[in-house]
file input26.txt (compact mmCIF, C-alpha atoms and all ligand atoms)
# COMPACT_ATOMS: atom_id res chain seq x y z
CA MET J 1 308.23 -3.12 61.94
CA ILE J 2 304.77 -4.60 62.35
CA SER J 3 302.61 -4.79 59.24
CA GLU J 4 298.87 -4.09 59.09
CA GLN J 5 298.35 -7.66 57.84
CA GLU J 6 300.03 -9.04 60.95
CA ILE J 7 297.89 -6.75 63.12
CA TYR J 8 294.72 -7.87 61.32
CA LYS J 9 295.56 -11.53 61.89
CA VAL J 10 296.28 -11.12 65.60
CA LEU J 11 293.15 -9.08 66.20
CA LEU J 12 290.90 -11.43 64.27
CA PHE J 13 291.94 -14.36 66.42
CA GLU J 14 292.52 -12.77 69.78
CA PHE J 15 290.56 -9.54 70.08
CA PRO J 16 286.79 -10.14 70.50
CA TYR J 17 285.92 -6.49 69.82
CA PHE J 18 287.34 -6.91 66.32
CA LYS J 19 284.54 -9.29 65.38
CA LYS J 20 281.87 -6.80 66.40
CA ILE J 21 282.92 -4.03 64.00
CA ASN J 22 282.56 -3.81 60.23
CA GLU J 23 285.37 -4.25 57.73
CA GLU J 24 285.91 -0.53 57.26
CA LYS J 25 286.37 -0.04 60.99
CA ARG J 26 288.65 -3.05 61.17
CA ILE J 27 291.00 -1.57 58.62
CA LEU J 28 290.94 1.76 60.42
CA LEU J 29 291.68 0.01 63.72
CA CYS J 30 294.66 -1.80 62.20
CA GLN J 31 296.08 1.45 60.83
CA ARG J 32 295.71 3.18 64.16
CA VAL J 33 297.19 0.25 66.08
CA LYS J 34 300.24 0.42 63.84
CA TYR J 35 300.51 4.17 64.37
CA PHE J 36 300.11 3.79 68.13
CA ILE J 37 302.80 1.12 68.38
CA GLU J 38 305.25 3.21 66.36
CA GLY J 39 304.84 6.15 68.72
CA THR J 40 304.94 4.20 71.97
CA ASP J 41 307.73 2.88 74.12
CA PHE J 42 306.82 -0.54 75.54
CA ILE J 43 308.87 -1.20 78.65
CA PRO J 44 308.95 -4.78 79.99
CA LYS J 45 309.43 -5.49 83.69
CA LYS J 46 310.38 -8.57 85.74
CA GLY J 47 311.98 -10.32 82.78
CA LEU J 48 308.88 -10.19 80.61
CA ASP J 49 309.48 -10.57 76.89
CA ILE J 50 307.15 -8.17 75.06
CA THR J 51 306.20 -9.71 71.73
CA ASN J 52 304.57 -8.01 68.74
CA ARG J 53 301.37 -9.82 69.60
CA MET J 54 301.31 -8.22 73.04
CA LYS J 55 301.99 -4.77 71.63
CA ILE J 56 299.20 -5.22 69.10
CA LEU J 57 296.66 -6.26 71.70
CA ILE J 58 297.54 -3.44 74.11
CA ALA J 59 297.49 -0.86 71.31
CA ALA J 60 294.19 -2.26 70.03
CA CYS J 61 292.64 -1.90 73.47
CA SER J 62 293.62 1.77 73.57
CA GLN J 63 292.27 2.32 70.05
CA GLN J 64 289.03 0.50 70.81
CA LEU J 65 288.06 3.43 73.05
CA THR J 66 288.89 6.11 70.50
CA LEU J 67 287.87 4.34 67.30
CA GLY J 68 284.95 6.74 66.88
CA PHE J 69 287.21 9.81 67.07
CA LYS J 70 288.34 11.54 63.91
CA LYS J 71 291.44 12.93 65.59
CA HIS J 72 293.15 12.90 68.98
CA TYR J 73 292.78 9.13 69.07
CA GLU J 74 296.46 8.46 69.61
CA TYR J 75 296.92 9.40 73.30
CA ALA J 76 299.70 11.80 72.33
CA TYR J 77 300.59 12.52 75.95
CA PHE J 78 300.99 8.86 76.87
CA ASP J 79 304.09 7.57 75.14
CA LYS J 80 305.21 4.85 77.54
CA ILE J 81 303.56 1.59 78.50
CA ILE J 82 305.13 -0.46 81.25
CA VAL J 83 304.16 -4.13 81.22
CA TYR J 84 304.58 -6.53 84.14
CA PRO J 85 303.99 -10.25 83.66
CA GLU J 86 301.46 -10.32 86.51
CA LYS J 87 300.15 -8.14 89.35
CA TYR J 88 302.89 -5.88 90.66
CA LEU J 89 303.58 -4.08 93.91
CA SER J 90 302.87 -0.40 93.39
CA THR J 91 305.39 1.91 95.04
CA HIS J 92 302.65 4.50 95.18
CA THR J 93 300.06 2.58 97.19
CA GLU J 94 302.18 -0.38 98.41
CA LYS J 95 299.46 -2.67 97.16
CA TYR J 96 299.35 -5.15 94.29
CA HIS J 97 297.90 -3.60 91.16
CA SER J 98 296.77 -4.96 87.83
CA GLY J 99 297.20 -1.58 86.17
CA GLU J 100 297.47 2.13 86.66
CA MET J 101 297.61 5.43 84.82
CA ASN J 102 300.54 7.59 85.74
CA THR J 103 300.12 11.33 85.15
CA ALA J 104 303.70 11.48 83.82
CA GLY J 105 302.34 9.97 80.61
CA ILE J 106 302.70 6.30 81.44
CA VAL J 107 300.21 3.45 81.47
CA VAL J 108 301.18 0.45 83.57
CA LEU J 109 299.62 -2.98 82.99
CA SER J 110 299.88 -6.51 84.31
CA TRP J 111 299.89 -8.65 81.18
CA GLU J 112 298.07 -11.53 82.86
CA ASP J 113 295.20 -9.28 83.97
CA PHE J 114 295.17 -7.31 80.75
CA TYR J 115 294.84 -10.47 78.66
CA LYS J 116 292.05 -11.81 80.85
CA GLY J 117 290.32 -8.45 80.45
CA ILE J 118 290.21 -8.58 76.67
CA LYS J 119 289.64 -12.33 76.37
CA ILE J 120 286.51 -12.43 78.53
CA ASP J 121 284.53 -9.67 76.89
CA ASN J 122 281.22 -9.87 78.74
CA ASP J 123 282.17 -9.60 82.41
CA ALA J 124 282.61 -5.80 82.51
CA ARG J 125 286.17 -6.20 83.67
CA ASN J 126 288.86 -4.96 81.40
CA VAL J 127 291.89 -3.36 82.99
CA GLY J 128 293.13 -2.11 79.61
CA LEU J 129 289.95 -0.17 78.87
CA HIS J 130 289.92 1.01 82.48
CA GLU J 131 293.43 2.50 82.40
CA PHE J 132 293.08 4.00 78.93
CA ALA J 133 289.82 5.62 80.05
CA HIS J 134 291.78 7.19 82.91
CA ALA J 135 294.38 8.32 80.38
CA LEU J 136 291.75 10.02 78.21
CA GLU J 137 290.20 11.67 81.22
CA PHE J 138 293.57 12.90 82.41
CA MET J 139 294.36 14.39 79.02
CA ASP J 140 291.09 16.29 79.23
CA ILE J 141 291.75 17.61 82.72
CA ALA J 142 295.33 18.55 81.94
CA ASN J 143 294.28 20.27 78.71
CA LYS J 144 296.24 17.93 76.49
CA ASP J 145 294.86 17.26 73.03
CA VAL J 146 291.57 15.50 73.48
CA ASP J 147 288.44 15.20 71.38
CA GLU J 148 286.15 18.17 72.10
CA THR J 149 282.91 16.23 72.16
CA PHE J 150 284.51 13.71 74.46
CA ALA J 151 285.59 16.49 76.83
CA ALA J 152 282.13 18.07 76.89
CA CYS J 153 280.45 14.71 77.47
CA LEU J 154 282.86 13.94 80.26
CA ASP J 155 281.85 17.13 82.03
CA LYS J 156 278.23 16.18 81.74
CA PHE J 157 278.94 12.62 82.74
CA THR J 158 280.58 13.86 85.94
CA VAL J 159 277.48 15.75 86.96
CA PHE J 160 275.31 12.68 86.44
CA ALA J 161 277.86 10.42 88.08
CA ASP J 162 277.89 12.65 91.11
CA TYR J 163 274.14 12.39 91.31
CA TYR J 164 274.39 8.62 90.91
CA LEU J 165 276.97 8.32 93.68
CA HIS J 166 274.88 10.35 96.05
CA ASN J 167 271.65 8.57 95.27
CA LYS J 168 272.81 4.98 95.22
CA SER J 169 270.21 2.52 94.11
CA ASP J 170 269.50 -0.68 96.00
CA LYS J 171 270.70 -2.73 93.08
CA PRO J 172 273.62 -0.82 91.64
CA LEU J 173 274.70 -1.82 88.16
CA PHE J 174 278.38 -1.06 88.64
CA ARG J 175 280.74 -2.98 90.87
CA SER J 176 281.46 -1.28 94.19
CA TYR J 177 284.90 -0.02 93.10
CA ALA J 178 283.09 2.57 91.00
CA ASN J 179 282.08 4.32 94.23
CA THR J 180 285.71 5.15 95.07
CA ASN J 181 285.54 8.54 93.35
CA LEU J 182 284.32 10.17 90.15
CA SER J 183 287.39 9.12 88.16
CA GLU J 184 286.99 5.48 89.08
CA PHE J 185 283.31 5.74 88.39
CA PHE J 186 284.06 6.89 84.87
CA ALA J 187 286.71 4.21 84.27
CA VAL J 188 284.47 1.43 85.58
CA ALA J 189 281.47 2.74 83.62
CA THR J 190 283.65 2.59 80.50
CA GLU J 191 284.32 -1.10 81.14
CA TYR J 192 280.57 -1.68 81.42
CA TYR J 193 279.93 0.39 78.32
CA PHE J 194 282.02 -1.97 76.22
CA GLU J 195 281.52 -5.26 78.01
CA SER J 196 278.00 -5.12 79.41
CA PRO J 197 276.32 -2.60 77.12
CA ASN J 198 272.76 -3.93 76.99
CA GLU J 199 272.40 -4.15 80.72
CA PHE J 200 273.98 -0.71 81.04
CA ALA J 201 271.69 0.85 78.43
CA ILE J 202 268.58 -0.51 80.11
CA GLN J 203 269.50 0.20 83.71
CA GLU J 204 271.26 3.54 83.39
CA PRO J 205 270.13 5.03 80.10
CA GLU J 206 271.28 8.60 80.83
CA LEU J 207 274.82 7.58 81.69
CA PHE J 208 274.86 5.17 78.78
CA ASN J 209 273.77 7.85 76.32
CA ILE J 210 276.43 10.26 77.49
CA LEU J 211 279.13 7.62 76.98
CA LYS J 212 277.66 6.80 73.60
CA ARG J 213 278.20 10.39 72.55
CA ALA J 214 281.58 10.57 74.30
CA TYR J 215 283.01 7.51 72.55
CA LYS J 216 281.08 8.13 69.32
CA GLN J 217 280.18 4.48 68.98
CA ASN J 218 277.10 2.60 70.01
CA THR J 219 277.88 -0.62 71.85
CA ALA J 220 274.21 -1.51 72.35
CA PRO J 221 272.39 -0.73 69.08
CA LYS J 222 269.53 -3.07 69.97
CA ALA J 223 268.88 -1.71 73.43
CA PRO J 224 265.54 0.05 73.91
CA LYS J 225 265.58 3.80 73.50
CA LEU J 226 265.70 6.02 76.53
CA LYS J 227 262.24 6.40 78.02
CA LYS J 228 261.85 9.21 80.44
CA PRO J 229 264.76 10.62 82.40
CA THR J 230 264.96 9.21 85.88
CA ILE J 231 266.95 12.10 87.24
CA GLU J 232 264.54 14.47 88.83
CA LYS J 233 264.95 18.13 89.24
CA THR J 234 266.62 18.59 92.59
CA LYS J 235 266.59 21.56 94.85
CA ASP J 236 266.26 24.59 92.67
CA VAL J 237 268.74 27.26 93.54
CA VAL J 238 266.90 30.47 92.98
CA PHE J 239 269.48 32.46 91.18
CA GLY J 240 267.90 33.88 88.12
CA SER J 241 264.94 35.56 89.74
CA TYR J 242 266.09 37.89 92.45
CA ILE J 243 269.82 38.18 92.07
CA PRO J 244 269.85 40.06 88.72
CA LEU J 245 267.33 42.46 90.17
CA LEU J 246 269.64 43.04 93.12
CA ASN J 247 272.53 43.42 90.73
CA TYR J 248 270.74 46.10 88.75
CA LEU J 249 269.54 47.87 91.86
CA GLY J 250 273.11 47.83 93.12
CA GLU J 251 274.37 49.24 89.88
CA ILE J 252 271.72 51.95 89.78
CA VAL J 253 272.57 52.96 93.34
CA LEU J 254 276.27 52.95 92.48
CA TYR J 255 275.92 55.05 89.32
CA THR J 256 273.42 57.45 90.86
CA SER J 257 275.68 58.08 93.83
CA ILE J 258 278.62 58.72 91.52
CA SER J 259 276.56 61.18 89.47
CA VAL J 260 275.12 62.94 92.51
CA ILE J 261 278.55 63.29 94.11
CA SER J 262 279.98 64.55 90.81
CA ILE J 263 277.23 67.16 90.42
CA PHE J 264 277.56 68.20 94.05
CA ILE J 265 281.32 68.64 93.78
CA GLY J 266 280.85 70.15 90.33
CA ILE J 267 278.86 73.06 91.83
CA MET J 268 281.74 73.89 94.20
CA ALA J 269 284.62 73.05 91.88
CA PRO J 270 283.53 72.39 88.30
CA ALA J 271 286.91 71.05 87.14
CA VAL J 272 287.08 68.39 89.89
CA GLY J 273 283.44 67.46 89.29
CA ILE J 274 284.01 66.95 85.58
CA ILE J 275 287.15 64.88 86.20
CA ILE J 276 285.35 62.62 88.67
CA PHE J 277 282.33 62.23 86.39
CA VAL J 278 284.38 61.47 83.28
CA THR J 279 286.66 59.03 85.11
CA SER J 280 283.84 57.09 86.71
CA PHE J 281 281.87 57.11 83.46
CA TYR J 282 284.93 55.76 81.69
CA PHE J 283 285.28 52.91 84.17
CA VAL J 284 281.59 52.12 83.97
CA ILE J 285 281.77 51.96 80.18
CA VAL J 286 284.97 49.94 80.14
CA PHE J 287 283.71 47.40 82.65
CA PHE J 288 280.31 47.20 81.12
CA LEU J 289 281.53 46.70 77.59
CA LYS J 290 284.28 44.34 78.63
CA ASP J 291 282.15 42.09 80.72
CA SER J 292 279.20 43.04 82.84
CA PHE J 293 280.23 40.26 85.19
CA THR J 294 283.30 42.29 86.14
CA LEU J 295 281.06 45.13 87.09
CA HIS J 296 279.13 42.90 89.46
CA LYS J 297 282.38 41.73 90.92
CA MET J 298 283.40 45.33 91.54
CA TYR J 299 280.14 45.91 93.31
CA VAL J 300 280.64 42.79 95.37
CA GLN J 301 284.05 43.83 96.46
CA ILE J 302 282.68 46.98 98.01
CA HIS J 303 280.70 44.79 100.37
CA GLN J 304 283.19 42.06 100.73
CA PRO J 305 284.61 42.56 104.25
CA LEU J 306 281.20 42.39 105.92
CA LEU J 307 279.93 39.49 103.82
CA LYS J 308 283.16 37.62 104.27
CA ARG J 309 282.58 37.65 107.98
CA ILE J 310 279.07 36.32 107.48
CA ILE J 311 280.20 33.56 105.17
CA LYS J 312 282.92 32.45 107.55
CA LYS J 313 280.25 31.76 110.14
CA VAL J 314 278.09 29.87 107.70
CA LEU J 315 280.83 27.75 106.22
CA PRO J 316 282.11 24.70 108.07
CA SER J 317 285.57 25.31 109.48
CA LYS J 318 287.28 22.92 107.09
CA TYR J 319 286.80 25.43 104.28
CA LYS J 320 289.80 27.55 104.93
CA TYR J 321 290.26 28.96 101.49
CA GLU J 322 289.60 32.57 100.64
CA THR J 323 286.25 33.36 99.26
CA ASP J 324 284.81 36.32 97.53
CA VAL J 325 281.24 36.75 98.42
CA TYR J 326 278.16 37.52 96.42
CA TYR J 327 275.09 38.52 98.38
CA SER J 328 274.62 37.19 101.91
CA ASP J 329 273.84 33.54 101.34
CA VAL J 330 275.60 33.07 98.05
CA MET J 331 279.23 32.27 97.92
CA TYR J 332 281.28 33.35 94.99
CA VAL J 333 284.37 31.20 94.80
CA SER J 334 287.24 32.28 92.71
CA ALA J 335 289.28 29.21 91.99
CA GLN J 336 292.57 31.05 91.74
CA GLU J 337 292.39 31.52 95.44
CA PHE J 338 292.29 27.85 96.30
CA ASP J 339 295.38 26.28 97.71
CA PHE J 340 296.09 23.57 95.23
CA ASN J 341 299.48 22.71 96.75
CA ASN J 342 301.39 20.62 94.28
CA LYS J 343 298.66 20.88 91.71
CA ARG J 344 299.98 24.28 90.65
CA ASP J 345 300.90 23.10 87.19
CA LEU J 346 297.40 21.96 86.44
CA LEU J 347 295.94 25.09 87.91
CA SER J 348 298.04 27.43 85.84
CA GLN J 349 296.59 25.87 82.72
CA TYR J 350 293.10 26.68 83.80
CA LYS J 351 293.83 30.22 84.78
CA GLU J 352 293.30 31.59 81.33
CA GLY J 353 289.59 30.90 81.48
CA TYR J 354 287.03 32.23 83.86
CA TRP J 355 287.30 30.11 86.90
CA TYR J 356 284.23 31.01 88.76
CA THR J 357 282.03 28.68 90.63
CA LEU J 358 279.01 30.21 92.15
CA CYS J 359 277.78 28.36 95.14
CA HIS J 360 274.89 28.74 97.37
CA VAL J 361 275.42 28.16 101.05
CA GLN J 362 272.59 27.10 103.25
CA LYS J 363 272.82 25.71 106.75
CA GLY J 364 276.39 24.62 106.27
CA LYS J 365 275.67 22.81 103.05
CA ILE J 366 276.93 24.04 99.74
CA TYR J 367 274.75 24.05 96.67
CA TYR J 368 276.02 25.15 93.35
CA ALA J 369 274.20 27.03 90.71
CA LYS J 370 274.90 27.02 87.04
CA GLN J 371 276.28 30.45 86.55
CA SER J 372 279.45 31.17 84.78
CA THR J 373 280.81 33.20 81.96
CA ASN J 374 282.23 30.03 80.50
CA ASP J 375 280.24 26.89 81.12
CA LEU J 376 282.86 24.47 80.00
CA ASN J 377 285.48 25.87 82.29
CA TYR J 378 282.93 26.05 85.03
CA ASP J 379 282.23 22.36 84.69
CA ARG J 380 285.89 21.57 84.68
CA VAL J 381 286.49 23.61 87.78
CA LEU J 382 283.68 21.86 89.52
CA ARG J 383 284.99 18.48 88.52
CA PHE J 384 288.45 19.34 89.69
CA LEU J 385 287.15 20.62 92.99
CA TYR J 386 285.10 17.48 93.54
CA ARG J 387 288.11 15.36 93.01
CA GLU J 388 290.30 17.41 95.29
CA LYS J 389 287.53 17.21 97.86
CA MET J 390 287.44 20.96 98.07
CA VAL J 391 283.73 21.18 97.69
CA GLY J 392 281.34 19.77 100.26
CA THR J 393 280.26 16.19 99.92
CA ARG J 394 276.67 17.06 99.23
CA ILE J 395 276.20 19.18 96.17
CA ASP J 396 272.88 19.61 94.52
CA GLY J 397 271.96 21.61 91.53
CA GLU J 398 269.62 21.73 88.68
CA TYR J 399 270.92 18.86 86.64
CA LYS J 400 268.43 19.20 83.86
CA LYS J 401 269.88 22.49 82.80
CA TYR J 402 273.12 20.87 81.81
CA ARG J 403 273.79 20.48 78.16
ZN ZN I 501 291.12 3.17 88.19

call {"tool": "encode", "arguments": {"input": "input26.txt", "output": "structure tokens"}}
result
Amino acid sequence: MISEQEIYKVLLFEFPYFKKINEEKRILLCQRVKYFIEGTDFIPKKGLDITNRMKILIAACSQQLTLGFKKHYEYAYFDKIIVYPEKYLSTHTEKYHSGEMNTAGIVVLSWEDFYKGIKIDNDARNVGLHEFAHALEFMDIANKDVDETFAACLDKFTVFADYYLHNKSDKPLFRSYANTNLSEFFAVATEYYFESPNEFAIQEPELFNILKRAYKQNTAPKAPKLKKPTIEKTKDVVFGSYIPLLNYLGEIVLYTSISVISIFIGIMAPAVGIIIFVTSFYFVIVFFLKDSFTLHKMYVQIHQPLLKRIIKKVLPSKYKYETDVYYSDVMYVSAQEFDFNNKRDLLSQYKEGYWYTLCHVQKGKIYYAKQSTNDLNYDRVLRFLYREKMVGTRIDGEYKKYR
């Protein structure tokens, strides 16, 4: 059993972050480190002897990220930490790694690299923070217990990160590994957030501010406040102006035709007319009250075969998934229809929500528009699709509208 006093002593001497926080936070950190160690299986590899000191430092690194959280700070899903003495050959990539996050609930670390990461605290390299950031992100994607604000900020961060990756500056702040994909971008940005905060806050204030809210701690309290946003409004997808009008027109045409047909039949055979009118009225009411979006979908499906053919011509051939189609140049993707292969487990967890991504297709490029019955799920879908490379490489939208 490791005592809080022992933890305090180790952290005071060996964990630079500990010196930057106040006494109250230090005590909290020690309590959480103890709790984390008690719930975690530390598995040594290659003859390594895992000491209490090592456990304390690894646990502290994980708790550094979540110290601002009131709950869900304990990485409940990740209960195993494998520690190698130095870089190890990954069976997954057949390359030497200094750490990795395994979706089975395991964090793998090379002790040598981990220790270097925490010891040098101003080089924006910290494999511990990097892997635990991946762990937090995974818990969010897989709907494990994760702080709600963190999850919402992560969604927003992804949108900005995507913009950043597609509009690379001449003097990028982050090391090139961040460009690998959006997950790596987030993990690397986390390292910068804790180890190079002032530079980060000055150079990329939007990203910095999102992480500040995500981690609920300010690593650069003296940095100048955000001036004006540097992200400009990109191509505006005209969605709100003409589409609702079309929707309503479509509905009016639909209801009028139903009524006219009912009246017409009603003259010849009143009973049949009444039945048709009542039934259609019932469906209209049910759909409308339930969710007017469903009604639009119903309308869309009437036109689907023709529009599907159009969209197939517009879309590049690599998009083989099924699409439902909203008016001619707007693609309505229902995520349930994607082939996620072995990602079925993840997908099934998302199915409960509305999984609709509305995209706008123009000259073979896909633009998305913010339009969903559930914004949070929408963002998550989008993020997931980015990562699975199921959405085109160039995606623009109106970033400013994001929360
Ligand atoms: Zn990584």

call {"tool": "residues_near_ligand", "arguments": {"input": "input26.txt", "ligand": "ligand ZN 501 (chain I)", "cutoff": "7 Å", "atoms": "only C-alpha atoms and all ligand atoms", "output": "ChimeraX atom specification"}}
result
/J:100,130-131,134,184,187

call {"tool": "atom_distance", "arguments": {"input": "input26.txt", "atom1": "atom CA of J:Val127", "atom2": "atom CA of J:Gly99"}}
result
6.4 Å

call {"tool": "residues_near_point", "arguments": {"input": "input26.txt", "point": "(306.4, 3.9, 83.5)", "cutoff": "7 Å", "atoms": "only C-alpha atoms", "output": "VMD selection string"}}
result
chain J and resid 80 to 82 106 to 108

call {"tool": "closest_residue", "arguments": {"input": "input26.txt", "among": "J:Ser169, J:Thr103, J:Thr219, J:Ser110", "to": "J:Ser196", "atoms": "only C-alpha atoms"}}
result
J:Thr219

call {"tool": "atom_distance", "arguments": {"input": "input26.txt", "atom1": "atom CA of J:Ala189", "atom2": "atom CA of J:Ala60"}}
result
19.3 Å

call {"tool": "closest_residue", "arguments": {"input": "input26.txt", "among": "J:Ile261, J:Val188, J:Leu154, J:Met268", "to": "J:Arg213", "atoms": "all atoms listed in the file"}}
result
J:Leu154

call {"tool": "closest_residue", "arguments": {"input": "input26.txt", "among": "J:Asp155, J:Glu86, J:Glu191, J:Asp170", "to": "J:Ala124", "atoms": "all atoms listed in the file"}}
result
J:Glu191

call {"tool": "atom_distance", "arguments": {"input": "input26.txt", "atom1": "atom CA of J:Lys222", "atom2": "atom CA of J:Ala201"}}
result
9.6 Å

call {"tool": "closest_residue", "arguments": {"input": "input26.txt", "among": "J:Phe200, J:Tyr8, J:Phe69, J:Tyr164", "to": "J:Glu148", "atoms": "only C-alpha atoms"}}
result
J:Phe69

call {"tool": "closest_residue", "arguments": {"input": "input26.txt", "among": "J:Tyr193, J:Tyr115, J:Tyr177, J:Phe42", "to": "J:Phe15", "atoms": "all atoms listed in the file"}}
result
J:Tyr115

call {"tool": "closest_residue", "arguments": {"input": "input26.txt", "among": "J:Ile27, J:Ala178, J:Ala59, J:Leu173", "to": "J:Gln203", "atoms": "all atoms listed in the file"}}
result
J:Leu173

call {"tool": "residues_around", "arguments": {"input": "input26.txt", "residues": "J:Ile21", "least_positions_apart": "2", "cutoff": "12 Å", "atoms": "all atoms listed in the file", "output": "number ranges by chain"}}
result
J: 11-12, 15-19, 23-29, 64, 67-68, 217-219

call {"tool": "write_last_selection", "arguments": {"input": "input26.txt", "atoms": "C-alpha atoms", "output": "PDB file, keeping the file's coordinate frame"}}
result
ATOM      1  CA  LEU J  11     293.150  -9.080  66.200  1.00  0.00           C
ATOM      2  CA  LEU J  12     290.900 -11.430  64.270  1.00  0.00           C
ATOM      3  CA  PHE J  15     290.560  -9.540  70.080  1.00  0.00           C
ATOM      4  CA  PRO J  16     286.790 -10.140  70.500  1.00  0.00           C
ATOM      5  CA  TYR J  17     285.920  -6.490  69.820  1.00  0.00           C
ATOM      6  CA  PHE J  18     287.340  -6.910  66.320  1.00  0.00           C
ATOM      7  CA  LYS J  19     284.540  -9.290  65.380  1.00  0.00           C
ATOM      8  CA  GLU J  23     285.370  -4.250  57.730  1.00  0.00           C
ATOM      9  CA  GLU J  24     285.910  -0.530  57.260  1.00  0.00           C
ATOM     10  CA  LYS J  25     286.370  -0.040  60.990  1.00  0.00           C
ATOM     11  CA  ARG J  26     288.650  -3.050  61.170  1.00  0.00           C
ATOM     12  CA  ILE J  27     291.000  -1.570  58.620  1.00  0.00           C
ATOM     13  CA  LEU J  28     290.940   1.760  60.420  1.00  0.00           C
ATOM     14  CA  LEU J  29     291.680   0.010  63.720  1.00  0.00           C
ATOM     15  CA  GLN J  64     289.030   0.500  70.810  1.00  0.00           C
ATOM     16  CA  LEU J  67     287.870   4.340  67.300  1.00  0.00           C
ATOM     17  CA  GLY J  68     284.950   6.740  66.880  1.00  0.00           C
ATOM     18  CA  GLN J 217     280.180   4.480  68.980  1.00  0.00           C
ATOM     19  CA  ASN J 218     277.100   2.600  70.010  1.00  0.00           C
ATOM     20  CA  THR J 219     277.880  -0.620  71.850  1.00  0.00           C
TER      21      THR J 219
END

call {"tool": "build_atoms", "arguments": {"input": "input26.txt", "residues": "stretch 160-172 of chain J", "atoms": "N, CA and C atoms", "output": "mmCIF file, in the frame of the given file"}}
result
data_model
loop_
_atom_site.group_PDB
_atom_site.id
_atom_site.type_symbol
_atom_site.label_atom_id
_atom_site.label_comp_id
_atom_site.auth_asym_id
_atom_site.auth_seq_id
_atom_site.Cartn_x
_atom_site.Cartn_y
_atom_site.Cartn_z
ATOM 1 N N PHE J 160 276.225 13.799 86.242
ATOM 2 C CA PHE J 160 275.310 12.680 86.440
ATOM 3 C C PHE J 160 275.903 11.643 87.385
ATOM 4 N N ALA J 161 277.196 11.407 87.235
ATOM 5 C CA ALA J 161 277.860 10.420 88.080
ATOM 6 C C ALA J 161 277.801 10.841 89.544
ATOM 7 N N ASP J 162 277.960 12.132 89.751
ATOM 8 C CA ASP J 162 277.890 12.650 91.110
ATOM 9 C C ASP J 162 276.502 12.405 91.698
ATOM 10 N N TYR J 163 275.518 12.633 90.883
ATOM 11 C CA TYR J 163 274.140 12.390 91.310
ATOM 12 C C TYR J 163 273.973 10.903 91.642
ATOM 13 N N TYR J 164 274.494 10.070 90.749
ATOM 14 C CA TYR J 164 274.390 8.620 90.910
ATOM 15 C C TYR J 164 275.045 8.173 92.232
ATOM 16 N N LEU J 165 276.238 8.714 92.481
ATOM 17 C CA LEU J 165 276.970 8.320 93.680
ATOM 18 C C LEU J 165 276.266 8.759 94.963
ATOM 19 N N HIS J 166 275.561 9.857 94.857
ATOM 20 C CA HIS J 166 274.880 10.350 96.050
ATOM 21 C C HIS J 166 273.468 9.812 96.224
ATOM 22 N N ASN J 167 272.997 9.151 95.177
ATOM 23 C CA ASN J 167 271.650 8.570 95.270
ATOM 24 C C ASN J 167 271.720 7.111 94.866
ATOM 25 N N LYS J 168 272.548 6.369 95.595
ATOM 26 C CA LYS J 168 272.810 4.980 95.220
ATOM 27 C C LYS J 168 271.515 4.160 95.198
ATOM 28 N N SER J 169 271.392 3.378 94.169
ATOM 29 C CA SER J 169 270.210 2.520 94.110
ATOM 30 C C SER J 169 270.453 1.251 94.932
ATOM 31 N N ASP J 170 269.385 0.546 95.206
ATOM 32 C CA ASP J 170 269.500 -0.680 96.000
ATOM 33 C C ASP J 170 270.232 -1.770 95.216
ATOM 34 N N LYS J 171 270.021 -1.746 93.914
ATOM 35 C CA LYS J 171 270.700 -2.730 93.080
ATOM 36 C C LYS J 171 271.599 -2.025 92.077
ATOM 37 N N PRO J 172 272.761 -1.578 92.548
ATOM 38 C CA PRO J 172 273.620 -0.820 91.640
ATOM 39 C C PRO J 172 274.127 -1.695 90.496
#
